[in-house]
$ cat protein.tsv   # TSV, C-alpha atoms
chain	number	residue	atom	x	y	z
A	417	MET	CA	1.27	7.05	122.74
A	418	ASN	CA	2.55	10.17	121.15
A	419	TRP	CA	5.41	9.97	118.63
A	420	ASP	CA	8.16	12.51	118.65
A	421	TRP	CA	8.78	12.86	114.95
A	422	ASP	CA	11.65	15.24	115.30
A	423	LYS	CA	13.68	12.82	117.41
A	424	LEU	CA	12.96	9.97	115.07
A	425	ARG	CA	14.14	11.98	112.10
A	426	GLU	CA	17.39	12.91	113.83
A	427	LYS	CA	18.07	9.26	114.62
A	428	GLN	CA	17.46	8.29	111.06
A	429	ASP	CA	19.93	10.81	109.80
A	430	GLN	CA	22.55	9.64	112.20
A	431	TYR	CA	21.98	6.05	111.15
A	432	GLU	CA	22.31	6.96	107.48
A	433	LYS	CA	25.54	8.76	108.11
A	434	LYS	CA	26.94	5.70	109.85
A	435	ARG	CA	25.81	3.33	107.09
A	436	GLY	CA	26.99	5.44	104.23
A	437	ASN	CA	25.46	5.26	100.76
A	438	ASP	CA	26.18	1.58	100.16
A	439	GLY	CA	23.15	0.30	102.08
A	440	GLY	CA	25.34	-1.09	104.79
A	441	MET	CA	26.21	-4.15	102.69
A	442	GLY	CA	28.36	-2.59	99.95
A	443	ILE	CA	25.35	-2.33	97.62
A	444	PRO	CA	24.81	1.12	96.02
A	445	THR	CA	21.47	2.73	96.51
A	446	PRO	CA	19.50	3.08	93.21
A	447	PRO	CA	18.81	6.63	92.09
A	448	GLN	CA	15.44	7.99	92.89
A	449	ILE	CA	12.94	9.23	90.31
A	450	ASP	CA	12.95	12.68	91.72
A	451	ASP	CA	16.69	12.88	91.33
A	452	ILE	CA	16.52	11.81	87.68
A	453	VAL	CA	13.78	14.32	86.86
A	454	SER	CA	15.68	17.09	88.57
A	455	LYS	CA	18.81	16.26	86.61
A	456	PHE	CA	16.95	16.40	83.24
A	457	LYS	CA	15.40	19.70	84.21
A	458	ASN	CA	18.78	21.13	84.85
A	459	PHE	CA	20.36	19.73	81.58
A	460	LYS	CA	20.30	22.10	78.48
A	461	PHE	CA	20.46	20.31	75.02
A	462	PRO	CA	22.03	22.33	72.16
A	463	GLY	CA	19.02	23.06	69.79
A	464	GLY	CA	21.07	24.31	66.82
A	465	LEU	CA	23.02	21.06	66.55
A	466	LEU	CA	19.83	19.01	66.66
A	467	MET	CA	18.31	21.04	63.82
A	468	VAL	CA	21.43	20.55	61.70
A	469	LEU	CA	21.34	16.80	62.25
A	470	VAL	CA	17.66	16.59	61.33
A	471	LEU	CA	18.16	18.58	58.14
A	472	PHE	CA	21.20	16.50	57.23
A	473	PHE	CA	19.34	13.21	57.50
A	474	LEU	CA	16.28	14.59	55.66
A	475	PHE	CA	18.36	15.88	52.75
A	476	PHE	CA	20.51	12.82	52.24
A	477	GLY	CA	17.68	10.42	52.98
A	478	SER	CA	15.41	12.00	50.37
A	479	SER	CA	18.18	12.05	47.75
A	480	MET	CA	19.18	8.43	48.33
A	481	PHE	CA	15.77	6.86	47.71
A	482	PHE	CA	13.60	7.61	44.70
A	483	THR	CA	10.67	6.08	42.81
A	484	VAL	CA	10.48	5.42	39.06
A	485	ASP	CA	7.03	5.32	37.44
A	486	ILE	CA	5.86	2.40	35.35
A	487	ASP	CA	6.13	4.29	32.04
A	488	GLU	CA	9.69	5.53	32.57
A	489	VAL	CA	13.22	4.52	33.55
A	490	GLY	CA	15.83	6.28	35.67
A	491	VAL	CA	19.26	7.02	34.23
A	492	ILE	CA	21.93	7.25	36.97
A	493	GLN	CA	25.02	9.44	36.57
A	494	ARG	CA	27.90	9.15	39.03
A	495	PHE	CA	29.96	12.34	39.14
A	496	GLY	CA	28.42	13.22	35.77
A	497	LYS	CA	29.33	9.94	34.05
A	498	TYR	CA	26.71	7.41	32.98
A	499	SER	CA	26.47	4.55	35.48
A	500	ARG	CA	23.31	2.46	35.08
A	501	ILE	CA	19.57	2.43	34.29
A	502	CYS	CA	16.98	1.86	37.00
A	503	GLN	CA	13.73	0.06	36.28
A	504	PRO	CA	10.29	1.14	37.56
A	505	GLY	CA	9.77	0.90	41.33
A	506	LEU	CA	11.63	2.03	44.47
A	507	ASN	CA	15.37	2.44	43.86
A	508	PHE	CA	18.48	3.46	45.83
A	509	LYS	CA	21.41	5.66	44.88
A	510	PHE	CA	24.18	7.58	46.51
A	511	PRO	CA	23.36	11.04	47.85
A	512	SER	CA	23.18	14.09	45.66
A	513	GLY	CA	26.52	15.35	44.60
A	514	ILE	CA	27.71	11.79	44.02
A	515	GLU	CA	24.93	10.34	41.88
A	516	LYS	CA	22.15	12.05	39.96
A	517	VAL	CA	19.02	10.45	38.45
A	518	THR	CA	17.29	11.58	35.25
A	519	LYS	CA	13.87	10.08	34.56
A	520	VAL	CA	13.03	9.34	30.91
A	521	LYS	CA	9.53	8.36	29.78
A	522	ILE	CA	10.12	5.51	27.34
A	523	LYS	CA	6.46	4.56	26.82
A	524	ARG	CA	5.09	8.01	26.16
A	525	VAL	CA	4.38	8.97	22.55
A	526	TYR	CA	5.60	12.46	21.69
A	527	LYS	CA	4.66	14.42	18.61
A	528	GLU	CA	6.08	17.21	16.51
A	529	GLU	CA	3.92	19.29	14.17
A	530	PHE	CA	5.21	20.67	10.88
A	531	GLY	CA	3.59	23.25	8.65
A	532	PHE	CA	0.70	24.06	10.98
A	533	ILE	CA	-0.14	24.82	14.63
A	534	SER	CA	-2.90	22.90	16.36
A	535	ALA	CA	-5.45	24.80	18.42
A	536	GLN	CA	-4.54	22.91	21.60
A	537	GLU	CA	-0.84	23.73	21.31
A	538	GLU	CA	-1.60	27.32	20.44
A	539	ARG	CA	-3.68	27.73	23.58
A	540	ALA	CA	-1.07	25.97	25.74
A	541	ASN	CA	1.97	27.97	24.63
A	542	ALA	CA	0.99	30.96	22.57
A	543	ALA	CA	4.08	33.01	23.50
A	544	ALA	CA	6.52	30.33	22.40
A	545	LEU	CA	4.66	29.72	19.17
A	546	ARG	CA	4.92	33.34	18.21
A	547	SER	CA	8.70	32.99	18.21
A	548	ASN	CA	8.63	29.60	16.48
A	549	GLU	CA	9.67	28.99	12.87
A	550	ASN	CA	7.49	30.16	10.04
A	551	THR	CA	5.04	27.34	9.40
A	552	ASP	CA	4.25	28.54	5.87
A	553	ILE	CA	7.90	28.18	4.85
A	554	VAL	CA	8.10	24.69	6.35
A	555	ALA	CA	4.92	23.52	4.59
A	556	ALA	CA	5.83	24.93	1.15
A	557	MET	CA	7.67	22.29	-0.88
A	558	LEU	CA	8.75	21.88	-4.49
A	559	THR	CA	7.36	18.78	-6.22
A	560	GLY	CA	8.95	16.68	-8.93
A	561	ASP	CA	7.03	18.46	-11.71
A	562	LEU	CA	8.22	21.90	-10.50
A	563	ASN	CA	5.01	22.85	-8.69
A	564	VAL	CA	4.70	24.21	-5.16
A	565	ALA	CA	2.64	22.21	-2.66
A	566	VAL	CA	1.61	22.98	0.92
A	567	VAL	CA	2.36	19.81	2.92
A	568	PRO	CA	1.58	19.80	6.67
A	569	TRP	CA	2.33	16.66	8.68
A	570	ILE	CA	2.79	15.24	12.20
A	571	VAL	CA	5.63	13.04	13.44
A	572	GLN	CA	4.87	10.77	16.42
A	573	TYR	CA	7.87	9.18	18.13
A	574	ARG	CA	8.96	7.31	21.26
A	575	ILE	CA	12.28	7.21	23.16
A	576	SER	CA	13.69	3.73	22.55
A	577	ASP	CA	17.25	4.18	23.91
A	578	PRO	CA	17.57	6.53	26.94
A	579	TYR	CA	21.37	6.48	26.85
A	580	ASN	CA	21.58	7.68	23.22
A	581	TYR	CA	18.75	10.12	23.79
A	582	LEU	CA	20.54	11.82	26.73
A	583	PHE	CA	24.23	11.55	25.88
A	584	ARG	CA	24.83	10.89	22.15
A	585	VAL	CA	23.11	13.96	20.70
A	586	LYS	CA	23.12	17.42	22.19
A	587	ASN	CA	19.67	18.61	21.03
A	588	VAL	CA	17.54	15.67	19.95
A	589	ASN	CA	14.40	17.69	19.19
A	590	ALA	CA	16.27	20.02	16.86
A	591	ILE	CA	17.84	17.06	15.04
A	592	LEU	CA	14.43	15.42	14.74
A	593	ARG	CA	12.79	18.51	13.26
A	594	ASP	CA	15.60	19.11	10.78
A	595	MET	CA	15.72	15.47	9.69
A	596	ALA	CA	11.94	15.25	9.39
A	597	GLU	CA	11.78	18.35	7.18
A	598	ALA	CA	14.65	17.15	4.98
A	599	THR	CA	13.08	13.70	4.65
A	600	MET	CA	9.67	15.05	3.68
A	601	ARG	CA	11.17	17.40	1.09
A	602	THR	CA	13.08	14.47	-0.42
A	603	ILE	CA	9.96	12.31	-0.68
A	604	VAL	CA	7.78	15.11	-2.07
A	605	GLY	CA	10.50	16.15	-4.55
A	606	ASP	CA	10.28	12.74	-6.23
A	607	ARG	CA	6.54	12.96	-6.93
A	608	SER	CA	4.20	15.11	-8.99
A	609	ILE	CA	1.72	17.56	-7.51
A	610	ASN	CA	-1.18	15.21	-8.21
A	611	GLU	CA	0.58	12.35	-6.39
A	612	VAL	CA	1.34	14.59	-3.42
A	613	ILE	CA	-2.35	15.51	-3.13
A	614	SER	CA	-3.89	12.10	-3.81
A	615	LYS	CA	-1.32	9.62	-2.40
A	616	ARG	CA	-0.74	10.92	1.13
A	617	GLU	CA	-0.64	7.49	2.80
A	618	GLU	CA	2.06	6.27	0.42
A	619	ILE	CA	4.13	9.39	1.10
A	620	ALA	CA	3.68	9.00	4.88
A	621	VAL	CA	4.93	5.40	4.82
A	622	ALA	CA	7.97	6.25	2.68
A	623	ALA	CA	8.82	9.25	4.87
A	624	ARG	CA	8.56	7.20	8.09
A	625	GLU	CA	10.94	4.52	6.79
A	626	LEU	CA	13.48	7.07	5.57
A	627	LEU	CA	13.28	9.17	8.76
A	628	GLN	CA	13.72	6.09	10.96
A	629	THR	CA	16.86	5.18	9.02
A	630	GLU	CA	18.26	8.67	9.55
A	631	MET	CA	17.46	8.57	13.29
A	632	VAL	CA	19.25	5.24	13.71
A	633	GLU	CA	22.35	6.48	11.86
A	634	ALA	CA	22.41	9.64	14.01
A	635	GLU	CA	22.13	7.53	17.23
A	636	THR	CA	19.35	9.70	18.64
A	637	GLY	CA	17.63	6.87	20.54
A	638	ILE	CA	14.28	7.75	18.93
A	639	GLN	CA	11.82	5.35	17.34
A	640	ILE	CA	9.41	6.85	14.79
A	641	VAL	CA	5.93	5.51	15.54
A	642	THR	CA	4.05	7.04	12.63
A	643	ILE	CA	3.86	10.03	10.30
A	644	GLU	CA	0.41	11.49	9.72
A	645	MET	CA	-0.15	13.58	6.61
A	646	LYS	CA	-2.63	16.41	6.89
A	647	ARG	CA	-4.59	17.87	3.96
A	648	THR	CA	-2.16	18.77	1.21
A	649	ASN	CA	-2.93	21.46	-1.35
A	650	VAL	CA	-1.38	24.16	-3.47
A	651	PRO	CA	-0.74	27.68	-2.11
A	652	GLU	CA	-3.88	29.72	-1.65
A	653	PRO	CA	-3.12	32.39	-4.34
A	654	VAL	CA	-2.96	29.72	-7.08
A	655	GLN	CA	-5.77	27.45	-5.89
A	656	ALA	CA	-8.30	28.90	-8.36
A	657	SER	CA	-5.97	28.38	-11.32
A	658	PHE	CA	-5.03	24.95	-10.08
A	659	ASN	CA	-8.71	23.98	-9.84
A	660	GLU	CA	-9.25	25.13	-13.43
A	661	VAL	CA	-6.29	23.03	-14.54
A	662	ASN	CA	-7.71	20.04	-12.71
A	663	GLU	CA	-11.09	20.55	-14.36
A	664	ALA	CA	-9.42	20.69	-17.76
A	665	VAL	CA	-7.45	17.55	-16.98
A	666	GLN	CA	-10.61	15.78	-15.84
A	667	GLU	CA	-12.41	16.85	-19.02
A	668	LYS	CA	-9.47	15.59	-21.06
A	669	GLU	CA	-9.55	12.28	-19.22
A	670	GLN	CA	-13.30	12.05	-19.79
A	671	LEU	CA	-12.88	12.59	-23.52
A	672	ILE	CA	-10.10	10.02	-23.60
A	673	TYR	CA	-12.32	7.52	-21.81
A	674	LYS	CA	-15.15	8.15	-24.27
A	675	ALA	CA	-12.79	7.73	-27.22
A	676	LYS	CA	-11.48	4.50	-25.71
A	677	GLU	CA	-15.05	3.34	-25.23
A	678	GLU	CA	-15.87	3.98	-28.87
A	679	TYR	CA	-12.60	2.36	-29.87
A	680	ASN	CA	-13.43	-0.68	-27.80
A	681	LYS	CA	-16.80	-0.90	-29.49
A	682	ALA	CA	-15.67	-0.35	-33.11
A	683	ILE	CA	-12.34	-2.18	-33.23
A	684	PRO	CA	-13.59	-5.50	-31.85
A	685	ALA	CA	-16.60	-5.37	-34.21
A	686	ALA	CA	-14.32	-4.70	-37.18
A	687	LYS	CA	-11.94	-7.44	-36.10
A	688	GLY	CA	-14.88	-9.82	-35.77
A	689	GLU	CA	-16.17	-8.92	-39.23
A	690	ALA	CA	-12.70	-9.37	-40.69
A	691	GLN	CA	-12.40	-12.75	-39.02
A	692	ARG	CA	-15.81	-13.72	-40.36
A	693	ILE	CA	-14.84	-12.74	-43.92
A	694	ILE	CA	-11.57	-14.61	-43.62
A	695	LYS	CA	-13.35	-17.70	-42.37
A	696	ASP	CA	-15.89	-17.45	-45.24
A	697	ALA	CA	-13.05	-17.17	-47.76
A	698	GLU	CA	-11.26	-20.09	-46.20
A	699	GLY	CA	-14.49	-22.11	-46.29
A	700	TYR	CA	-15.10	-21.17	-49.95
A	701	ALA	CA	-11.50	-22.13	-50.82
A	702	ILE	CA	-11.90	-25.46	-49.08
A	703	ASP	CA	-15.20	-26.05	-50.89
A	704	ARG	CA	-13.71	-25.23	-54.30
A	705	VAL	CA	-10.70	-27.43	-53.65
A	706	ASN	CA	-12.90	-30.29	-52.52
A	707	ARG	CA	-15.13	-29.89	-55.56
A	708	ALA	CA	-12.14	-29.77	-57.91
A	709	MET	CA	-10.72	-32.84	-56.26
A	710	GLY	CA	-14.10	-34.56	-56.61
A	711	ASP	CA	-14.38	-33.59	-60.29
A	712	ALA	CA	-10.86	-34.79	-60.92
A	713	ALA	CA	-11.61	-38.05	-59.17
A	714	ARG	CA	-14.81	-38.44	-61.18
A	715	PHE	CA	-13.03	-37.66	-64.43
A	716	THR	CA	-10.29	-40.12	-63.51
A	717	SER	CA	-12.85	-42.82	-62.86
A	718	VAL	CA	-14.61	-42.06	-66.19
A	719	TYR	CA	-11.29	-42.11	-67.98
A	720	GLN	CA	-10.50	-45.47	-66.48
A	721	GLU	CA	-13.80	-46.83	-67.78
A	722	TYR	CA	-13.21	-45.18	-71.20
A	723	ILE	CA	-9.94	-47.01	-71.56
A	724	LYS	CA	-11.70	-50.25	-70.92
A	725	ALA	CA	-14.42	-49.67	-73.67
A	726	LYS	CA	-13.48	-46.89	-76.09
A	727	ASP	CA	-16.16	-47.71	-78.80
A	728	VAL	CA	-19.06	-47.63	-76.38
A	729	THR	CA	-17.89	-44.38	-74.94
A	730	GLU	CA	-17.44	-42.79	-78.35
A	731	LYS	CA	-20.96	-43.80	-79.44
A	732	ARG	CA	-22.42	-42.58	-76.17
A	733	LEU	CA	-20.67	-39.25	-76.54
A	734	TYR	CA	-21.79	-38.96	-80.16
A	735	LEU	CA	-25.42	-39.75	-79.39
A	736	GLU	CA	-25.43	-37.33	-76.44
A	737	ALA	CA	-24.00	-34.61	-78.62
A	738	MET	CA	-26.54	-35.30	-81.41
A	739	SER	CA	-29.42	-35.27	-78.92
A	740	GLU	CA	-28.42	-31.78	-77.89
A	741	VAL	CA	-27.60	-30.42	-81.39
A	742	LEU	CA	-30.33	-31.83	-83.64
A	743	PRO	CA	-33.33	-30.25	-81.83
A	744	ARG	CA	-31.84	-26.83	-82.53
A	745	LEU	CA	-31.42	-27.29	-86.33
A	746	GLY	CA	-35.10	-27.09	-87.38
A	747	LYS	CA	-36.03	-29.16	-90.45
A	748	LYS	CA	-33.58	-31.92	-91.17
A	749	TYR	CA	-33.35	-34.20	-94.23
A	750	ILE	CA	-31.18	-37.23	-93.91
A	751	MET	CA	-30.77	-39.15	-97.18
A	752	ASP	CA	-29.19	-42.42	-97.89
A	753	SER	CA	-26.13	-42.30	-100.02
A	754	GLY	CA	-27.78	-44.77	-102.43
A	755	GLN	CA	-30.94	-42.65	-102.95
A	756	ALA	CA	-31.08	-41.47	-106.67
A	757	ASN	CA	-34.28	-39.43	-106.90
A	758	LEU	CA	-34.83	-36.74	-104.23
A	759	LEU	CA	-37.59	-34.89	-105.91
A	760	PRO	CA	-40.58	-36.98	-104.76
A	761	ILE	CA	-39.37	-36.71	-101.18
A	762	LEU	CA	-38.99	-32.93	-101.42
A	763	ASN	CA	-42.43	-32.58	-102.97
A	764	MET	CA	-43.90	-34.58	-100.17
A	765	GLY	CA	-42.37	-32.24	-97.68
A	766	GLU	CA	-43.86	-29.14	-99.34
A	767	ALA	CA	-47.43	-30.24	-98.78
A	768	ALA	CA	-48.75	-28.87	-95.52
A	769	GLY	CA	-50.81	-31.88	-94.77
A	770	GLN	CA	-48.05	-34.36	-95.51
A	771	SER	CA	-45.26	-32.58	-93.59
A	772	SER	CA	-46.22	-34.22	-90.38
A	773	THR	CA	-45.90	-37.73	-91.90
A	774	ALA	CA	-42.53	-37.11	-93.51
A	775	VAL	CA	-40.66	-36.34	-90.24
A	776	PRO	CA	-41.42	-39.72	-88.60
A	777	ALA	CA	-40.19	-41.48	-91.71
A	778	ILE	CA	-36.92	-39.58	-91.56
A	779	LYS	CA	-36.54	-40.37	-87.86
A	780	ASP	CA	-37.14	-44.05	-88.60
A	781	LEU	CA	-34.63	-43.85	-91.37
A	782	LEU	CA	-32.13	-42.17	-89.03
A	783	LYS	CA	-32.62	-44.87	-86.51
A	784	GLY	CA	-32.10	-47.52	-89.15
A	785	GLU	CA	-28.94	-45.83	-90.33
A	786	GLU	CA	-27.62	-45.63	-86.81
A	787	LEU	CA	-28.42	-49.25	-86.23
A	788	SER	CA	-26.69	-50.28	-89.44
A	789	LYS	CA	-23.60	-48.44	-88.34

$ encode --input "protein.tsv" --output "C-alpha cells"
Amino acid sequence: MNWDWDKLREKQDQYEKKRGNDGGMGIPTPPQIDDIVSKFKNFKFPGGLLMVLVLFFLFFGSSMFFTVDIDEVGVIQRFGKYSRICQPGLNFKFPSGIEKVTKVKIKRVYKEEFGFISAQEERANAAALRSNENTDIVAAMLTGDLNVAVVPWIVQYRISDPYNYLFRVKNVNAILRDMAEATMRTIVGDRSINEVISKREEIAVAARELLQTEMVEAETGIQIVTIEMKRTNVPEPVQASFNEVNEAVQEKEQLIYKAKEEYNKAIPAAKGEAQRIIKDAEGYAIDRVNRAMGDAARFTSVYQEYIKAKDVTEKRLYLEAMSEVLPRLGKKYIMDSGQANLLPILNMGEAAGQSSTAVPAIKDLLKGEELSK
C-alpha cells in the first residue's frame, strides 16, 4: 500500500487549525526546543552593561574583604576617622571610599642607625643616604670632662600602640631620631671620656630607659627594644695624642700601684714591729710591777716576823753584816777590855811562823766574846 504523504500532511494541518493551540482540551502546548534555541539566537544582550556590572562587583568585592598577616594588625578608618582594629586573619569592611584599612606590623623589630651607615643599608638605598644627615656631626658628642667623643649607636624598636603610632604623632621616625640623639647626648654629657669608651653597656641601658620614658610621654606608640653601642672613640685627628695620654695615665697608675704595694709591705711590718715593742714594754711593766709587789709582800712578811722577835733579828742582821765586812779588813786584832799588856800579843804576831797560830786564837776569842754578849 502506498501512502500519499501530501494528503496526510494537509489533513494534519486542517486538524490542527480546528483544535487550536490548546491541545483540544484547553491545555497549552509546551514550547519546543527548536523554538527556544531560535529565540536565544535572535536575542542580543547588551555587552557594555555586563562589563560594567562585572567590574563593579570585582572592585567592591575586593575592597570589602582583606587578609591581615599574623605579625600585623589592620587599623580601620571610616570616612577618615579611626573606627577599630582588626586582628590577623580574614576580615570584612565596607567598600573603599567608606572604610580604609592600614596594616601595621606590630611584631617586627625596626632599627635606626646613628653616627654610621651600615654596608647593607648603603647598598640598599645609596641615593637616599647621600642626602641623609651628616653622620659625623651626629656621632660627635661633648663629654662631661669637656672632651669630644665619637659615639655611634643603633636603636631597635617595635610598634606597641598602632593608634598612637598612626594618629597621635605626625612623623614618628623624625621624633624618634631627634629624641634618640638628645637622649644619647644627655647620657654622654654626664660621663668622662674614659667612661664613654669603657662603659658602653652601662650607657646603653641608661639611654634606653630615658628614651623609652620620652617616647611614652610623646605618645608615639613605640616600644624601645634595645640600644646597641658601637665602638666609641675620640675623633681621628686626636687619636694619636689621646693614645699618648692614655699611656701616660696607665704609667701613672702603674707607679701608683707599685707605691701602694710597697706601702702595703712596709706599713704593716712597721705596725707589727710597733705592736711587738708595745707588747714587750707592757710585759716588762707587768713583770716589774709583779716583782715590786712580791718584794713588798716579802718585806711585809719579814717585818711582821721582826716585830715578833726584834732581838733575834738584830743579832742576825749584825752577824750577817760582820760576815760580809770582816773578810775585807785584812788583819784584825780584837782585845778584851780587861787586857792590860798588849805587847806580848803584838810580838807574837810579828813572828812569821807564829802568825798562823795567832789568828785562830783571836777568832776563838771573838766567838767567846760574842757568846758572852

$ atom_distance --input "protein.tsv" --atom1 "atom CA of A:Phe658" --atom2 "atom CA of A:Gly560"
16.3 Å

$ atom_distance --input "protein.tsv" --atom1 "atom CA of A:Thr636" --atom2 "atom CA of A:Phe481"
29.4 Å

$ atom_distance --input "protein.tsv" --atom1 "atom CA of A:Arg593" --atom2 "atom CA of A:Val554"
10.4 Å

$ closest_residue --input "protein.tsv" --among "A:Gln572, A:Thr518, A:Asn507, A:Asn649" --to "A:Thr559" --atoms "all atoms listed in the file"
A:Asn649

$ closest_residue --input "protein.tsv" --among "A:Gln655, A:Asp577, A:Val567, A:Ser499" --to "A:Ala620" --atoms "only C-alpha atoms"
A:Val567

$ closest_residue --input "protein.tsv" --among "A:Leu582, A:Ala623, A:Arg574, A:Asp487" --to "A:Val517" --atoms "only C-alpha atoms"
A:Leu582

$ closest_residue --input "protein.tsv" --among "A:Arg584, A:Arg692, A:Arg624, A:Lys668" --to "A:Gly637" --atoms "only C-alpha atoms"
A:Arg584

$ residues_around --input "protein.tsv" --residues "A:Thr483" --least-positions-apart "2" --cutoff "9 Å" --atoms "all atoms listed in the file" --output "list in words"
Phe481, Asp485, Gly490, Pro504, Gly505, Leu506, Asn507 and Phe508 of chain A

$ residues_around --input "protein.tsv" --residues "A:Ala556" --least-positions-apart "2" --cutoff "6 Å" --atoms "only C-alpha atoms" --output "number ranges by chain"
A: 553-554, 565-566

$ residues_around --input "protein.tsv" --residues "stretch 632-635 of chain A" --least-positions-apart "5" --cutoff "9 Å" --atoms "only C-alpha atoms" --output "list in words"
Asp577, Asn580, Tyr581, Arg584, Val585, Ile591 and Leu627 of chain A

$ write_last_selection --input "protein.tsv" --atoms "C-alpha atoms" --output "mmCIF file, keeping the file's coordinate frame"
data_model
loop_
_atom_site.group_PDB
_atom_site.id
_atom_site.type_symbol
_atom_site.label_atom_id
_atom_site.label_comp_id
_atom_site.auth_asym_id
_atom_site.auth_seq_id
_atom_site.Cartn_x
_atom_site.Cartn_y
_atom_site.Cartn_z
ATOM 1 C CA ASP A 577 17.250 4.180 23.910
ATOM 2 C CA ASN A 580 21.580 7.680 23.220
ATOM 3 C CA TYR A 581 18.750 10.120 23.790
ATOM 4 C CA ARG A 584 24.830 10.890 22.150
ATOM 5 C CA VAL A 585 23.110 13.960 20.700
ATOM 6 C CA ILE A 591 17.840 17.060 15.040
ATOM 7 C CA LEU A 627 13.280 9.170 8.760
#

$ closest_residue --input "protein.tsv" --among "A:Met595, A:Ile683, A:Ile638, A:Met645" --to "A:Lys615" --atoms "only C-alpha atoms"
A:Met645
